[in-house]
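Source file: upload.pdb (PDB, C-alpha atoms)
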```
ATOM      1  CA  MET A  31    -191.944  60.829  23.692  1.00  0.00           C
ATOM      2  CA  LYS A  32    -189.855  59.108  26.350  1.00  0.00           C
ATOM      3  CA  GLU A  33    -189.115  55.412  25.905  1.00  0.00           C
ATOM      4  CA  MET A  34    -190.068  53.462  29.026  1.00  0.00           C
ATOM      5  CA  THR A  35    -187.650  50.608  29.683  1.00  0.00           C
ATOM      6  CA  SER A  36    -187.760  50.012  33.437  1.00  0.00           C
ATOM      7  CA  ARG A  37    -189.987  49.996  36.495  1.00  0.00           C
ATOM      8  CA  GLN A  38    -188.254  53.214  37.510  1.00  0.00           C
ATOM      9  CA  ASP A  39    -189.414  54.799  34.222  1.00  0.00           C
ATOM     10  CA  ALA A  40    -192.946  53.561  34.928  1.00  0.00           C
ATOM     11  CA  ASP A  41    -192.798  54.997  38.451  1.00  0.00           C
ATOM     12  CA  ALA A  42    -191.609  58.320  36.986  1.00  0.00           C
ATOM     13  CA  ALA A  43    -194.610  58.394  34.640  1.00  0.00           C
ATOM     14  CA  LEU A  44    -196.954  57.540  37.495  1.00  0.00           C
ATOM     15  CA  GLY A  45    -195.334  60.307  39.547  1.00  0.00           C
ATOM     16  CA  GLU A  46    -196.232  62.999  37.009  1.00  0.00           C
ATOM     17  CA  GLU A  47    -199.198  65.259  37.709  1.00  0.00           C
ATOM     18  CA  THR A  48    -200.572  64.147  34.327  1.00  0.00           C
ATOM     19  CA  ALA A  49    -198.915  61.799  31.833  1.00  0.00           C
ATOM     20  CA  LEU A  50    -199.814  59.795  28.770  1.00  0.00           C
ATOM     21  CA  VAL A  51    -198.602  56.190  28.454  1.00  0.00           C
ATOM     22  CA  PHE A  52    -198.634  54.565  25.009  1.00  0.00           C
ATOM     23  CA  LYS A  53    -198.184  50.787  25.016  1.00  0.00           C
ATOM     24  CA  HIS A  54    -197.564  49.285  21.575  1.00  0.00           C
ATOM     25  CA  SER A  55    -195.980  46.478  19.606  1.00  0.00           C
ATOM     26  CA  THR A  56    -193.502  47.162  16.820  1.00  0.00           C
ATOM     27  CA  MET A  57    -194.733  43.991  15.079  1.00  0.00           C
ATOM     28  CA  CYS A  58    -198.472  44.739  14.975  1.00  0.00           C
ATOM     29  CA  PRO A  59    -200.323  46.578  12.181  1.00  0.00           C
ATOM     30  CA  ILE A  60    -202.974  47.803  14.640  1.00  0.00           C
ATOM     31  CA  SER A  61    -200.168  49.291  16.741  1.00  0.00           C
ATOM     32  CA  ALA A  62    -198.748  50.925  13.603  1.00  0.00           C
ATOM     33  CA  ASN A  63    -202.091  52.646  13.072  1.00  0.00           C
ATOM     34  CA  ALA A  64    -202.203  53.740  16.730  1.00  0.00           C
ATOM     35  CA  SER A  65    -198.633  55.077  16.372  1.00  0.00           C
ATOM     36  CA  ARG A  66    -199.744  57.230  13.431  1.00  0.00           C
ATOM     37  CA  GLU A  67    -202.617  58.564  15.536  1.00  0.00           C
ATOM     38  CA  MET A  68    -200.216  59.390  18.366  1.00  0.00           C
ATOM     39  CA  GLU A  69    -197.877  61.149  15.915  1.00  0.00           C
ATOM     40  CA  SER A  70    -200.851  63.184  14.701  1.00  0.00           C
ATOM     41  CA  LEU A  71    -201.747  64.116  18.275  1.00  0.00           C
ATOM     42  CA  LEU A  72    -198.188  65.166  19.073  1.00  0.00           C
ATOM     43  CA  LYS A  73    -197.531  67.207  15.903  1.00  0.00           C
ATOM     44  CA  GLY A  74    -198.014  70.467  17.777  1.00  0.00           C
ATOM     45  CA  GLY A  75    -195.885  69.343  20.717  1.00  0.00           C
ATOM     46  CA  GLU A  76    -196.521  67.134  23.704  1.00  0.00           C
ATOM     47  CA  PRO A  77    -199.464  68.470  25.744  1.00  0.00           C
ATOM     48  CA  VAL A  78    -198.259  66.426  28.741  1.00  0.00           C
ATOM     49  CA  PRO A  79    -195.272  64.098  29.286  1.00  0.00           C
ATOM     50  CA  VAL A  80    -195.688  61.115  26.936  1.00  0.00           C
ATOM     51  CA  TYR A  81    -194.154  57.723  27.643  1.00  0.00           C
ATOM     52  CA  SER A  82    -193.896  54.894  25.126  1.00  0.00           C
ATOM     53  CA  VAL A  83    -193.600  51.181  25.974  1.00  0.00           C
ATOM     54  CA  ASP A  84    -192.721  48.500  23.410  1.00  0.00           C
ATOM     55  CA  VAL A  85    -194.717  45.622  24.916  1.00  0.00           C
ATOM     56  CA  ASN A  86    -192.585  42.987  23.179  1.00  0.00           C
ATOM     57  CA  ALA A  87    -189.217  44.319  24.300  1.00  0.00           C
ATOM     58  CA  GLN A  88    -190.459  45.550  27.686  1.00  0.00           C
ATOM     59  CA  ARG A  89    -193.138  43.045  28.693  1.00  0.00           C
ATOM     60  CA  GLU A  90    -192.153  43.209  32.377  1.00  0.00           C
ATOM     61  CA  VAL A  91    -192.648  47.007  32.345  1.00  0.00           C
ATOM     62  CA  SER A  92    -195.975  46.620  30.548  1.00  0.00           C
ATOM     63  CA  ASP A  93    -197.170  44.083  33.113  1.00  0.00           C
ATOM     64  CA  TYR A  94    -195.962  46.334  35.936  1.00  0.00           C
ATOM     65  CA  LEU A  95    -198.007  49.216  34.518  1.00  0.00           C
ATOM     66  CA  ALA A  96    -201.096  46.998  34.344  1.00  0.00           C
ATOM     67  CA  GLU A  97    -200.558  45.997  37.971  1.00  0.00           C
ATOM     68  CA  ARG A  98    -199.930  49.571  39.193  1.00  0.00           C
ATOM     69  CA  THR A  99    -202.775  51.216  37.231  1.00  0.00           C
ATOM     70  CA  GLY A 100    -205.353  48.430  37.443  1.00  0.00           C
ATOM     71  CA  VAL A 101    -205.844  48.684  33.660  1.00  0.00           C
ATOM     72  CA  GLU A 102    -205.810  45.239  32.042  1.00  0.00           C
ATOM     73  CA  HIS A 103    -203.009  44.888  29.482  1.00  0.00           C
ATOM     74  CA  GLN A 104    -203.936  45.482  25.855  1.00  0.00           C
ATOM     75  CA  SER A 105    -201.829  46.379  22.852  1.00  0.00           C
ATOM     76  CA  PRO A 106    -201.910  48.948  21.545  1.00  0.00           C
ATOM     77  CA  GLN A 107    -203.174  50.919  24.520  1.00  0.00           C
ATOM     78  CA  VAL A 108    -203.144  54.509  25.746  1.00  0.00           C
ATOM     79  CA  ILE A 109    -203.548  55.382  29.413  1.00  0.00           C
ATOM     80  CA  VAL A 110    -204.008  58.888  30.818  1.00  0.00           C
ATOM     81  CA  VAL A 111    -202.498  58.956  34.298  1.00  0.00           C
ATOM     82  CA  ARG A 112    -203.319  61.707  36.782  1.00  0.00           C
ATOM     83  CA  GLY A 113    -201.839  61.731  40.240  1.00  0.00           C
ATOM     84  CA  GLY A 114    -200.541  58.182  39.853  1.00  0.00           C
ATOM     85  CA  LYS A 115    -203.937  56.723  38.905  1.00  0.00           C
ATOM     86  CA  ALA A 116    -205.340  55.724  35.535  1.00  0.00           C
ATOM     87  CA  GLN A 117    -208.068  58.176  34.667  1.00  0.00           C
ATOM     88  CA  TRP A 118    -208.838  57.170  31.076  1.00  0.00           C
ATOM     89  CA  ASN A 119    -207.718  54.512  28.633  1.00  0.00           C
ATOM     90  CA  ALA A 120    -208.336  53.281  25.117  1.00  0.00           C
ATOM     91  CA  ASP A 121    -207.049  50.349  23.132  1.00  0.00           C
ATOM     92  CA  ARG A 122    -206.789  48.991  19.618  1.00  0.00           C
ATOM     93  CA  PHE A 123    -208.908  50.903  17.085  1.00  0.00           C
ATOM     94  CA  ASP A 124    -210.315  53.235  19.760  1.00  0.00           C
ATOM     95  CA  ILE A 125    -206.954  55.017  19.785  1.00  0.00           C
ATOM     96  CA  THR A 126    -207.335  58.129  17.665  1.00  0.00           C
ATOM     97  CA  ALA A 127    -205.772  61.559  18.027  1.00  0.00           C
ATOM     98  CA  GLY A 128    -209.244  62.904  18.828  1.00  0.00           C
ATOM     99  CA  SER A 129    -210.090  60.280  21.423  1.00  0.00           C
ATOM    100  CA  VAL A 130    -206.782  60.762  23.230  1.00  0.00           C
ATOM    101  CA  ARG A 131    -207.242  64.537  23.102  1.00  0.00           C
ATOM    102  CA  ASP A 132    -210.686  64.040  24.676  1.00  0.00           C
ATOM    103  CA  GLY A 133    -209.209  61.674  27.273  1.00  0.00           C
ATOM    104  CA  LEU A 134    -206.743  64.382  28.228  1.00  0.00           C
ATOM    105  CA  GLY A 135    -209.547  66.935  28.411  1.00  0.00           C
ATOM    106  CA  LEU A 136    -208.072  69.066  25.611  1.00  0.00           C
ATOM    107  CA  ALA A 137    -210.057  71.075  23.094  1.00  0.00           C
ATOM    108  CA  THR A 138    -209.977  69.797  19.526  1.00  0.00           C
ATOM    109  CA  PRO A 139    -207.926  72.100  17.254  1.00  0.00           C
ATOM    110  CA  GLY A 140    -210.128  74.322  15.134  1.00  0.00           C
ATOM    111  CA  ALA A 141    -213.215  73.657  17.253  1.00  0.00           C
TER     112      ALA A 141
END
```

Go through the file and emit its structure as structure tokens.
Amino acid sequence: MKEMTSRQDADAALGEETALVFKHSTMCPISANASREMESLLKGGEPVPVYSVDVNAQREVSDYLAERTGVEHQSPQVIVVRGGKAQWNADRFDITAGSVRDGLGLATPGA
């Protein structure tokens, strides 16, 4: 998971063919749960480039992402970006390893 700390990092994520952006707060218990779900998703390796944004430390970057993707800021939040455009997103308790896997169009392990 790459830490996103600048607009240039955000532009790099948006420049990927497919990327996953995880916006979270290090001070929020809901974000802690979402982080565990992301860790579960990534246990077998990153299926696509994954970028992480601490919305408290990098609020300007988080706002820039909202502006560029058209996805209203939430925290925690996961955005699947394809070709520079948001294709799928989830926030708060809707962030599960399974939901993100579905958002990426990946088969569920063991299914």

Result set, the PyMOL selection byres ((chain A and resi 35-47) around 10) on current file, as an MDAnalysis selection string: chainID A and resid 32:34 48:51 78:85 87:95 98:99 110:116

Distance in Å - CA of Ser55 (chain A) versus CA of Gly135 (chain A):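 Taking CA of Ser55 (chain A) as the start and CA of Gly135 (chain A) as the end point, the length is 26.1 Å.
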
Which of A:Asn86, A:Asn119, A:Thr126, A:Ser70 sits closest to Glu102 (chain A) [using all atoms listed in the file]: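 Closest to Glu102 (chain A) of all the choices is A:Asn119.
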
Distance of CA of His103 (chain A) from CA of Ser129 (chain A), expressed in Å to one decimal place: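 We find that CA of Ser129 (chain A) and CA of His103 (chain A) lie 18.8 Å from each other.
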
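Using all atoms listed in the file, the smallest distance between any of A:Pro77, A:Arg122, A:Val101, A:Ala96 and Asn63 (chain A) comes from A:Arg122.
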
Distance in Å - CA of Ala62 (chain A) versus CA of Gly100 (chain A):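 Interatomic distance here is 24.9 Å.
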
Test item: the PyMOL selection byres ((chain A and resi 64) around 9) resolved as a list in words: His54, Pro59, Ile60, Ser61, Ala62, Asn63, Ser65, Arg66, Glu67, Met68, Glu69, Pro106, Gln107, Asp121, Arg122, Phe123, Asp124, Ile125, Thr126 and Ala127 of chain A

Would you export the selected residues with C-alpha atoms as an mmCIF file, keeping the file's coordinate frame, please?
```
data_model
loop_
_atom_site.group_PDB
_atom_site.id
_atom_site.type_symbol
_atom_site.label_atom_id
_atom_site.label_comp_id
_atom_site.auth_asym_id
_atom_site.auth_seq_id
_atom_site.Cartn_x
_atom_site.Cartn_y
_atom_site.Cartn_z
ATOM 1 C CA HIS A 54 -197.564 49.285 21.575
ATOM 2 C CA PRO A 59 -200.323 46.578 12.181
ATOM 3 C CA ILE A 60 -202.974 47.803 14.640
ATOM 4 C CA SER A 61 -200.168 49.291 16.741
ATOM 5 C CA ALA A 62 -198.748 50.925 13.603
ATOM 6 C CA ASN A 63 -202.091 52.646 13.072
ATOM 7 C CA SER A 65 -198.633 55.077 16.372
ATOM 8 C CA ARG A 66 -199.744 57.230 13.431
ATOM 9 C CA GLU A 67 -202.617 58.564 15.536
ATOM 10 C CA MET A 68 -200.216 59.390 18.366
ATOM 11 C CA GLU A 69 -197.877 61.149 15.915
ATOM 12 C CA PRO A 106 -201.910 48.948 21.545
ATOM 13 C CA GLN A 107 -203.174 50.919 24.520
ATOM 14 C CA ASP A 121 -207.049 50.349 23.132
ATOM 15 C CA ARG A 122 -206.789 48.991 19.618
ATOM 16 C CA PHE A 123 -208.908 50.903 17.085
ATOM 17 C CA ASP A 124 -210.315 53.235 19.760
ATOM 18 C CA ILE A 125 -206.954 55.017 19.785
ATOM 19 C CA THR A 126 -207.335 58.129 17.665
ATOM 20 C CA ALA A 127 -205.772 61.559 18.027
#
```

Export N, CA and C atoms of region 99-112 of chain A from the structure just given, as a PDB file, in the first residue's frame?
```pdb
ATOM      1  N   THR A  99     -12.331  13.120  -8.564  1.00  0.00           N
ATOM      2  CA  THR A  99     -13.132  11.924  -8.855  1.00  0.00           C
ATOM      3  C   THR A  99     -14.624  12.203  -8.878  1.00  0.00           C
ATOM      4  N   GLY A 100     -15.045  13.318  -8.254  1.00  0.00           N
ATOM      5  CA  GLY A 100     -16.470  13.600  -8.150  1.00  0.00           C
ATOM      6  C   GLY A 100     -17.156  12.784  -7.069  1.00  0.00           C
ATOM      7  N   VAL A 101     -16.367  12.096  -6.234  1.00  0.00           N
ATOM      8  CA  VAL A 101     -16.916  11.295  -5.133  1.00  0.00           C
ATOM      9  C   VAL A 101     -16.820  12.121  -3.858  1.00  0.00           C
ATOM     10  N   GLU A 102     -17.977  12.444  -3.283  1.00  0.00           N
ATOM     11  CA  GLU A 102     -18.031  13.255  -2.067  1.00  0.00           C
ATOM     12  C   GLU A 102     -17.194  12.618  -0.965  1.00  0.00           C
ATOM     13  N   HIS A 103     -16.419  13.438  -0.260  1.00  0.00           N
ATOM     14  CA  HIS A 103     -15.539  12.961   0.803  1.00  0.00           C
ATOM     15  C   HIS A 103     -16.318  12.253   1.901  1.00  0.00           C
ATOM     16  N   GLN A 104     -15.833  11.087   2.273  1.00  0.00           N
ATOM     17  CA  GLN A 104     -16.285  10.344   3.440  1.00  0.00           C
ATOM     18  C   GLN A 104     -15.038   9.744   4.070  1.00  0.00           C
ATOM     19  N   SER A 105     -15.157   9.323   5.311  1.00  0.00           N
ATOM     20  CA  SER A 105     -14.053   8.621   5.953  1.00  0.00           C
ATOM     21  C   SER A 105     -14.630   7.627   6.945  1.00  0.00           C
ATOM     22  N   PRO A 106     -14.187   6.395   6.826  1.00  0.00           N
ATOM     23  CA  PRO A 106     -13.318   5.837   5.803  1.00  0.00           C
ATOM     24  C   PRO A 106     -14.059   5.692   4.475  1.00  0.00           C
ATOM     25  N   GLN A 107     -13.260   5.544   3.422  1.00  0.00           N
ATOM     26  CA  GLN A 107     -13.823   5.447   2.070  1.00  0.00           C
ATOM     27  C   GLN A 107     -12.846   4.687   1.174  1.00  0.00           C
ATOM     28  N   VAL A 108     -13.398   3.887   0.281  1.00  0.00           N
ATOM     29  CA  VAL A 108     -12.608   3.182  -0.720  1.00  0.00           C
ATOM     30  C   VAL A 108     -13.157   3.575  -2.085  1.00  0.00           C
ATOM     31  N   ILE A 109     -12.255   3.905  -2.993  1.00  0.00           N
ATOM     32  CA  ILE A 109     -12.644   4.272  -4.350  1.00  0.00           C
ATOM     33  C   ILE A 109     -11.857   3.413  -5.334  1.00  0.00           C
ATOM     34  N   VAL A 110     -12.558   2.743  -6.238  1.00  0.00           N
ATOM     35  CA  VAL A 110     -11.918   2.037  -7.343  1.00  0.00           C
ATOM     36  C   VAL A 110     -11.849   3.024  -8.501  1.00  0.00           C
ATOM     37  N   VAL A 111     -10.636   3.262  -8.978  1.00  0.00           N
ATOM     38  CA  VAL A 111     -10.408   4.198 -10.073  1.00  0.00           C
ATOM     39  C   VAL A 111      -9.966   3.401 -11.294  1.00  0.00           C
ATOM     40  N   ARG A 112     -10.643   3.657 -12.403  1.00  0.00           N
ATOM     41  CA  ARG A 112     -10.249   3.039 -13.684  1.00  0.00           C
ATOM     42  C   ARG A 112     -10.136   4.146 -14.725  1.00  0.00           C
TER      43      ARG A 112
END
```
